[in-house]
$ cat upload-v5.txt   # compact mmCIF, C-alpha atoms
# COMPACT_ATOMS: atom_id res chain seq x y z
CA GLN A 285 0.00 0.00 0.00
CA VAL A 286 1.39 3.36 -1.02
CA GLN A 287 1.15 6.20 1.47
CA LEU A 288 2.28 9.80 1.31
CA VAL A 289 2.04 11.60 4.62
CA GLU A 290 2.80 15.30 4.76
CA SER A 291 3.78 17.27 7.83
CA GLY A 292 4.94 20.77 8.63
CA GLY A 293 1.81 22.72 7.88
CA ASP A 294 1.27 25.74 10.10
CA SER A 295 0.23 29.35 10.30
CA VAL A 296 2.90 31.95 9.66
CA GLU A 297 3.11 35.66 9.08
CA SER A 298 3.94 37.14 5.71
CA GLY A 299 7.65 36.77 5.07
CA GLY A 300 7.91 33.69 7.25
CA SER A 301 9.33 30.28 6.41
CA LEU A 302 8.10 26.72 6.65
CA ARG A 303 9.49 23.34 5.74
CA LEU A 304 7.11 20.66 4.55
CA SER A 305 7.96 16.98 4.70
CA CYS A 306 6.34 14.10 2.87
CA ALA A 307 7.10 10.64 4.21
CA VAL A 308 6.57 8.06 1.50
CA SER A 309 6.01 4.34 1.92
CA GLY A 310 5.21 1.64 -0.59
CA VAL A 311 7.28 3.14 -3.43
CA THR A 312 10.89 4.27 -3.69
CA ILE A 313 10.91 8.00 -4.38
CA SER A 314 14.12 7.83 -6.40
CA THR A 315 12.23 5.77 -8.99
CA TYR A 316 9.30 8.20 -9.16
CA SER A 317 8.87 11.81 -10.16
CA MET A 318 7.81 13.68 -7.05
CA GLY A 319 6.02 16.97 -6.74
CA TRP A 320 4.43 19.52 -4.46
CA PHE A 321 1.10 21.04 -5.39
CA ARG A 322 -1.14 23.56 -3.69
CA GLN A 323 -4.76 24.56 -3.78
CA ALA A 324 -5.90 27.92 -2.52
CA PRO A 325 -9.47 28.30 -1.28
CA GLY A 326 -11.82 28.40 -4.24
CA LYS A 327 -9.06 27.86 -6.78
CA LYS A 328 -7.77 25.00 -8.87
CA ARG A 329 -4.86 22.89 -7.74
CA GLU A 330 -1.56 24.08 -9.18
CA GLY A 331 1.93 22.72 -9.43
CA VAL A 332 4.53 24.30 -7.20
CA ALA A 333 7.72 22.28 -7.55
CA SER A 334 8.84 18.88 -8.76
CA ILE A 335 11.83 16.59 -8.90
CA ASP A 336 11.79 14.35 -11.92
CA ILE A 337 13.14 10.81 -12.07
CA ASN A 338 16.36 12.19 -13.57
CA GLY A 339 16.78 14.58 -10.62
CA SER A 340 15.82 17.79 -12.42
CA ALA A 341 13.90 20.31 -10.33
CA THR A 342 11.16 22.53 -11.73
CA TYR A 343 9.42 25.44 -10.01
CA VAL A 344 6.44 27.57 -10.85
CA ASP A 345 7.74 31.07 -11.60
CA SER A 346 6.14 32.65 -8.55
CA VAL A 347 8.22 30.57 -6.10
CA LYS A 348 11.58 30.52 -7.84
CA ASP A 349 14.40 31.68 -5.56
CA ARG A 350 12.13 31.27 -2.51
CA PHE A 351 11.19 27.57 -2.46
CA THR A 352 13.49 24.59 -2.63
CA ILE A 353 12.39 21.02 -3.29
CA SER A 354 14.61 18.16 -2.19
CA GLU A 355 14.43 14.48 -1.40
CA ASP A 356 16.26 12.13 0.91
CA SER A 357 16.47 8.68 -0.56
CA ALA A 358 17.77 7.21 2.69
CA THR A 359 14.54 8.07 4.49
CA ASN A 360 12.29 8.10 1.39
CA THR A 361 11.16 11.61 2.25
CA LEU A 362 10.36 14.60 0.06
CA TYR A 363 10.82 18.15 1.35
CA LEU A 364 9.77 21.64 0.40
CA GLN A 365 11.56 24.56 2.03
CA MET A 366 9.46 27.69 1.66
CA ASN A 367 10.87 31.13 2.44
CA ASN A 368 9.32 34.57 2.33
CA LEU A 369 5.80 33.18 2.24
CA GLN A 370 3.04 35.50 1.07
CA PRO A 371 -0.66 35.61 2.04
CA GLU A 372 -1.75 34.55 -1.46
CA GLU A 373 0.11 31.28 -0.88
CA THR A 374 -2.36 30.20 1.77
CA GLY A 375 -3.89 26.85 0.97
CA MET A 376 -3.59 23.10 1.11
CA TYR A 377 -0.21 21.72 0.07
CA PHE A 378 -0.04 18.20 -1.34
CA CYS A 379 2.85 15.95 -2.23
CA ALA A 380 2.38 13.48 -5.03
CA ALA A 381 4.24 10.73 -6.82
CA ASP A 382 4.05 9.45 -10.36
CA PRO A 383 6.18 7.09 -12.45
CA ALA A 384 6.16 9.57 -15.35
CA ARG A 385 9.57 10.67 -16.56
CA CYS A 386 8.83 14.33 -15.84
CA LEU A 387 6.03 16.31 -14.27
CA TYR A 388 6.41 19.52 -16.28
CA ASP A 389 6.74 19.57 -20.07
CA GLY A 390 5.67 23.13 -20.70
CA GLU A 391 2.67 22.59 -18.51
CA TRP A 392 2.09 20.48 -15.42
CA VAL A 393 1.46 16.91 -16.52
CA PHE A 394 -0.93 16.26 -13.65
CA GLY A 395 -3.53 18.46 -15.36
CA ARG A 396 -3.71 16.00 -18.26
CA THR A 397 -2.99 12.63 -16.74
CA GLY A 398 -3.26 13.06 -13.00
CA MET A 399 -0.79 11.63 -10.51
CA ASP A 400 -0.70 8.07 -9.28
CA TYR A 401 -0.44 8.88 -5.60
CA TRP A 402 -1.38 11.88 -3.48
CA GLY A 403 -0.99 12.86 0.12
CA LYS A 404 -3.86 14.45 2.00
CA GLY A 405 -2.16 17.80 2.38
CA PRO A 406 -1.52 20.08 5.33
CA LEU A 407 -3.03 23.54 5.47
CA ILE A 408 -0.69 26.49 5.35
CA THR A 409 -2.03 29.86 6.39
CA VAL A 410 -0.01 32.98 5.72
CA SER A 411 -1.30 36.10 7.43
CA SER A 412 -0.50 39.63 6.35

$ encode --input "upload-v5.txt" --output "C-alpha cells"
Amino acid sequence: QVQLVESGGDSVESGGSLRLSCAVSGVTISTYSMGWFRQAPGKKREGVASIDINGSATYVDSVKDRFTISEDSATNTLYLQMNNLQPEETGMYFCAADPARCLYDGEWVFGRTGMDYWGKGPLITVSS
C-alpha cells in the first residue's frame, strides 16, 4: 500500500518560512517523479515544484528563488523549504508521486494525466 504523509503545515506571518515533509512508503521516491502542489481556497490545484526521475527540479515562476524542493532517498522523504511566504500562498499543500519521466513539459502533466499517488495535504495559512 502506497502512502504519502505530509507534515509541517502551520500558520505563519507574511515573510515567514516553513518546511514541509512528505514521508513516502510503498514506493521508492528515487524511482518516481515527485512533486508539491497547492490549492488555494476556491481555486484549482496548481503545481509548485517537482523533482523528476532524472533529478531535475522545476518550479512555478512565482516561487523561484524562494522555495526549494529536495528528497532524501535514505529516508524516502520529500521536502519543500518555503521562504518569504506570502498571504496569497495560503492553501492546502499536497505531495504526489508518479512514475512519469517528468512532471512539467511546458505545462504540469498532472492536469492531463493526473498523478498516481497523493498525500492528504496540510493547510498552510499565511497572514499579512

$ closest_atom_pairs --input "upload-v5.txt" --of "stretch 342-400 of chain A" --to "stretch 309-322 of chain A" --cutoff "8 Å" --atoms "all atoms listed in the file" --output "CSV"
residue,atom,partner,partner_atom,distance
A:Glu355,CA,A:Ile313,CA,8.0
A:Ser357,CA,A:Ser314,CA,6.4
A:Asn360,CA,A:Ile313,CA,5.9
A:Thr361,CA,A:Ile313,CA,7.6
A:Leu362,CA,A:Met318,CA,7.6
A:Leu364,CA,A:Trp320,CA,7.5
A:Gly375,CA,A:Arg322,CA,6.3
A:Met376,CA,A:Arg322,CA,5.4
A:Tyr377,CA,A:Arg322,CA,4.3
A:Phe378,CA,A:Phe321,CA,5.1
A:Cys379,CA,A:Trp320,CA,4.5
A:Ala380,CA,A:Gly319,CA,5.3
A:Ala381,CA,A:Met318,CA,4.6
A:Asp382,CA,A:Ser317,CA,5.4
A:Pro383,CA,A:Tyr316,CA,4.7
A:Ala384,CA,A:Ser317,CA,6.3
A:Arg385,CA,A:Ser317,CA,6.5
A:Cys386,CA,A:Ser317,CA,6.2
A:Leu387,CA,A:Ser317,CA,6.7

$ closest_residue --input "upload-v5.txt" --among "A:Asp400, A:Glu372, A:Asp294, A:Asp389" --to "A:Thr342" --atoms "all atoms listed in the file"
A:Asp389

$ atom_distance --input "upload-v5.txt" --atom1 "atom CA of A:Thr397" --atom2 "atom CA of A:Gln323"
17.7 Å

$ closest_residue --input "upload-v5.txt" --among "A:Ile337, A:Val308, A:Glu391, A:Tyr343" --to "A:Gln287" --atoms "only C-alpha atoms"
A:Val308

$ closest_residue --input "upload-v5.txt" --among "A:Glu373, A:Ser346, A:Tyr388, A:Phe394" --to "A:Lys327" --atoms "all atoms listed in the file"
A:Glu373

$ closest_residue --input "upload-v5.txt" --among "A:Ala333, A:Ser412, A:Thr359, A:Asn367" --to "A:Ser298" --atoms "all atoms listed in the file"
A:Ser412

$ atom_distance --input "upload-v5.txt" --atom1 "atom CA of A:Cys306" --atom2 "atom CA of A:Ile353"
11.1 Å

$ atom_distance --input "upload-v5.txt" --atom1 "atom CA of A:Ile408" --atom2 "atom CA of A:Glu290"
11.7 Å

$ closest_residue --input "upload-v5.txt" --among "A:Thr374, A:Lys328, A:Ala341, A:Gly390" --to "A:Leu407" --atoms "all atoms listed in the file"
A:Thr374

$ closest_residue --input "upload-v5.txt" --among "A:Arg396, A:Arg329, A:Lys404, A:Arg303" --to "A:Arg350" --atoms "only C-alpha atoms"
A:Arg303

$ residues_around --input "upload-v5.txt" --residues "A:Val344" --least-positions-apart "4" --cutoff "9 Å" --atoms "all atoms listed in the file" --output "PDB file with C-alpha atoms, in the coordinates of the input"
ATOM      1  CA  GLU A 330      -1.560  24.080  -9.180  1.00  0.00           C
ATOM      2  CA  GLY A 331       1.930  22.720  -9.430  1.00  0.00           C
ATOM      3  CA  VAL A 332       4.530  24.300  -7.200  1.00  0.00           C
ATOM      4  CA  ALA A 333       7.720  22.280  -7.550  1.00  0.00           C
ATOM      5  CA  LYS A 348      11.580  30.520  -7.840  1.00  0.00           C
TER       6      LYS A 348
END

$ axis_aligned_box --input "upload-v5.txt" --around "stretch 298-301 of chain A" --padding-each-side "4 Å" --output "JSON"
{"center_x": 6.6, "center_y": 33.7, "center_z": 6.2, "size_x": 13.4, "size_y": 14.9, "size_z": 10.2}

$ decode --input "upload-v5.txt" --residues "stretch 385-398 of chain A" --atoms "all heavy atoms" --output "mmCIF file, in the first residue's frame"
data_model
loop_
_atom_site.group_PDB
_atom_site.id
_atom_site.type_symbol
_atom_site.label_atom_id
_atom_site.label_comp_id
_atom_site.auth_asym_id
_atom_site.auth_seq_id
_atom_site.Cartn_x
_atom_site.Cartn_y
_atom_site.Cartn_z
ATOM 1 N N ARG A 385 8.173 10.218 -16.486
ATOM 2 C CA ARG A 385 9.571 10.666 -16.562
ATOM 3 C C ARG A 385 9.731 12.086 -16.068
ATOM 4 O O ARG A 385 10.735 12.437 -15.449
ATOM 5 C CB ARG A 385 10.054 10.543 -18.007
ATOM 6 C CG ARG A 385 11.510 10.939 -18.210
ATOM 7 C CD ARG A 385 11.971 10.574 -19.606
ATOM 8 N NE ARG A 385 11.899 9.148 -19.845
ATOM 9 C CZ ARG A 385 12.833 8.284 -19.485
ATOM 10 N NH1 ARG A 385 13.916 8.711 -18.869
ATOM 11 N NH2 ARG A 385 12.695 7.014 -19.743
ATOM 12 N N CYS A 386 8.764 12.953 -16.342
ATOM 13 C CA CYS A 386 8.825 14.326 -15.843
ATOM 14 C C CYS A 386 7.414 14.816 -15.542
ATOM 15 O O CYS A 386 6.440 14.289 -16.080
ATOM 16 C CB CYS A 386 9.532 15.254 -16.816
ATOM 17 S SG CYS A 386 8.612 15.605 -18.310
ATOM 18 N N LEU A 387 7.326 15.799 -14.689
ATOM 19 C CA LEU A 387 6.033 16.309 -14.274
ATOM 20 C C LEU A 387 5.700 17.662 -14.904
ATOM 21 O O LEU A 387 4.591 18.158 -14.742
ATOM 22 C CB LEU A 387 5.972 16.434 -12.750
ATOM 23 C CG LEU A 387 6.146 15.129 -11.968
ATOM 24 C CD1 LEU A 387 5.961 15.363 -10.483
ATOM 25 C CD2 LEU A 387 5.188 14.057 -12.450
ATOM 26 N N TYR A 388 6.660 18.245 -15.614
ATOM 27 C CA TYR A 388 6.409 19.521 -16.277
ATOM 28 C C TYR A 388 7.042 19.470 -17.659
ATOM 29 O O TYR A 388 8.243 19.294 -17.797
ATOM 30 C CB TYR A 388 6.985 20.687 -15.466
ATOM 31 C CG TYR A 388 6.625 22.035 -16.034
ATOM 32 C CD1 TYR A 388 5.427 22.641 -15.682
ATOM 33 C CD2 TYR A 388 7.462 22.689 -16.930
ATOM 34 C CE1 TYR A 388 5.070 23.870 -16.206
ATOM 35 C CE2 TYR A 388 7.117 23.913 -17.460
ATOM 36 C CZ TYR A 388 5.923 24.505 -17.093
ATOM 37 O OH TYR A 388 5.567 25.714 -17.615
ATOM 38 N N ASP A 389 6.220 19.619 -18.692
ATOM 39 C CA ASP A 389 6.742 19.572 -20.069
ATOM 40 C C ASP A 389 6.273 20.788 -20.848
ATOM 41 O O ASP A 389 5.962 20.702 -22.020
ATOM 42 C CB ASP A 389 6.300 18.271 -20.764
ATOM 43 C CG ASP A 389 4.782 18.130 -20.827
ATOM 44 O OD1 ASP A 389 4.076 19.072 -20.395
ATOM 45 O OD2 ASP A 389 4.309 17.085 -21.304
ATOM 46 N N GLY A 390 6.235 21.909 -20.137
ATOM 47 C CA GLY A 390 5.667 23.128 -20.704
ATOM 48 C C GLY A 390 4.377 23.462 -19.973
ATOM 49 O O GLY A 390 3.943 24.616 -19.948
ATOM 50 N N GLU A 391 3.797 22.451 -19.402
ATOM 51 C CA GLU A 391 2.666 22.590 -18.506
ATOM 52 C C GLU A 391 2.727 21.426 -17.533
ATOM 53 O O GLU A 391 3.406 20.419 -17.798
ATOM 54 C CB GLU A 391 1.325 22.588 -19.252
ATOM 55 C CG GLU A 391 1.037 21.317 -20.015
ATOM 56 C CD GLU A 391 -0.299 21.370 -20.745
ATOM 57 O OE1 GLU A 391 -1.001 22.389 -20.643
ATOM 58 O OE2 GLU A 391 -0.634 20.395 -21.422
ATOM 59 N N TRP A 392 2.069 21.541 -16.416
ATOM 60 C CA TRP A 392 2.094 20.477 -15.423
ATOM 61 C C TRP A 392 1.327 19.275 -15.952
ATOM 62 O O TRP A 392 0.167 19.364 -16.328
ATOM 63 C CB TRP A 392 1.528 20.963 -14.096
ATOM 64 C CG TRP A 392 2.409 21.986 -13.448
ATOM 65 C CD1 TRP A 392 2.252 23.343 -13.471
ATOM 66 C CD2 TRP A 392 3.610 21.733 -12.713
ATOM 67 N NE1 TRP A 392 3.274 23.945 -12.785
ATOM 68 C CE2 TRP A 392 4.124 22.982 -12.306
ATOM 69 C CE3 TRP A 392 4.300 20.575 -12.342
ATOM 70 C CZ2 TRP A 392 5.297 23.118 -11.551
ATOM 71 C CZ3 TRP A 392 5.462 20.703 -11.594
ATOM 72 C CH2 TRP A 392 5.953 21.952 -11.204
ATOM 73 N N VAL A 393 2.012 18.138 -15.961
ATOM 74 C CA VAL A 393 1.457 16.907 -16.517
ATOM 75 C C VAL A 393 0.208 16.464 -15.762
ATOM 76 O O VAL A 393 -0.712 15.887 -16.340
ATOM 77 C CB VAL A 393 2.541 15.816 -16.501
ATOM 78 C CG1 VAL A 393 1.960 14.453 -16.815
ATOM 79 C CG2 VAL A 393 3.653 16.167 -17.461
ATOM 80 N N PHE A 394 0.175 16.779 -14.454
ATOM 81 C CA PHE A 394 -0.927 16.263 -13.653
ATOM 82 C C PHE A 394 -2.276 16.766 -14.154
ATOM 83 O O PHE A 394 -3.306 16.122 -13.945
ATOM 84 C CB PHE A 394 -0.736 16.615 -12.178
ATOM 85 C CG PHE A 394 -1.255 17.969 -11.765
ATOM 86 C CD1 PHE A 394 -2.487 18.076 -11.132
ATOM 87 C CD2 PHE A 394 -0.534 19.126 -12.012
ATOM 88 C CE1 PHE A 394 -2.966 19.314 -10.728
ATOM 89 C CE2 PHE A 394 -0.995 20.353 -11.631
ATOM 90 C CZ PHE A 394 -2.220 20.464 -10.987
ATOM 91 N N GLY A 395 -2.287 17.937 -14.831
ATOM 92 C CA GLY A 395 -3.534 18.456 -15.363
ATOM 93 C C GLY A 395 -4.108 17.608 -16.488
ATOM 94 O O GLY A 395 -5.316 17.650 -16.758
ATOM 95 N N ARG A 396 -3.264 16.840 -17.141
ATOM 96 C CA ARG A 396 -3.712 15.996 -18.261
ATOM 97 C C ARG A 396 -3.919 14.553 -17.829
ATOM 98 O O ARG A 396 -4.875 13.902 -18.233
ATOM 99 C CB ARG A 396 -2.693 16.020 -19.391
ATOM 100 C CG ARG A 396 -2.386 17.396 -19.939
ATOM 101 C CD ARG A 396 -1.677 17.292 -21.297
ATOM 102 N NE ARG A 396 -0.461 16.505 -21.222
ATOM 103 C CZ ARG A 396 0.746 17.017 -21.022
ATOM 104 N NH1 ARG A 396 0.887 18.311 -20.824
ATOM 105 N NH2 ARG A 396 1.812 16.234 -21.017
ATOM 106 N N THR A 397 -2.985 14.070 -17.042
ATOM 107 C CA THR A 397 -2.987 12.627 -16.744
ATOM 108 C C THR A 397 -3.132 12.302 -15.269
ATOM 109 O O THR A 397 -3.196 11.129 -14.914
ATOM 110 C CB THR A 397 -1.691 11.992 -17.255
ATOM 111 O OG1 THR A 397 -0.575 12.568 -16.567
ATOM 112 C CG2 THR A 397 -1.533 12.217 -18.750
ATOM 113 N N GLY A 398 -3.164 13.318 -14.429
ATOM 114 C CA GLY A 398 -3.258 13.057 -13.002
ATOM 115 C C GLY A 398 -1.933 12.589 -12.436
ATOM 116 O O GLY A 398 -0.908 12.616 -13.103
#
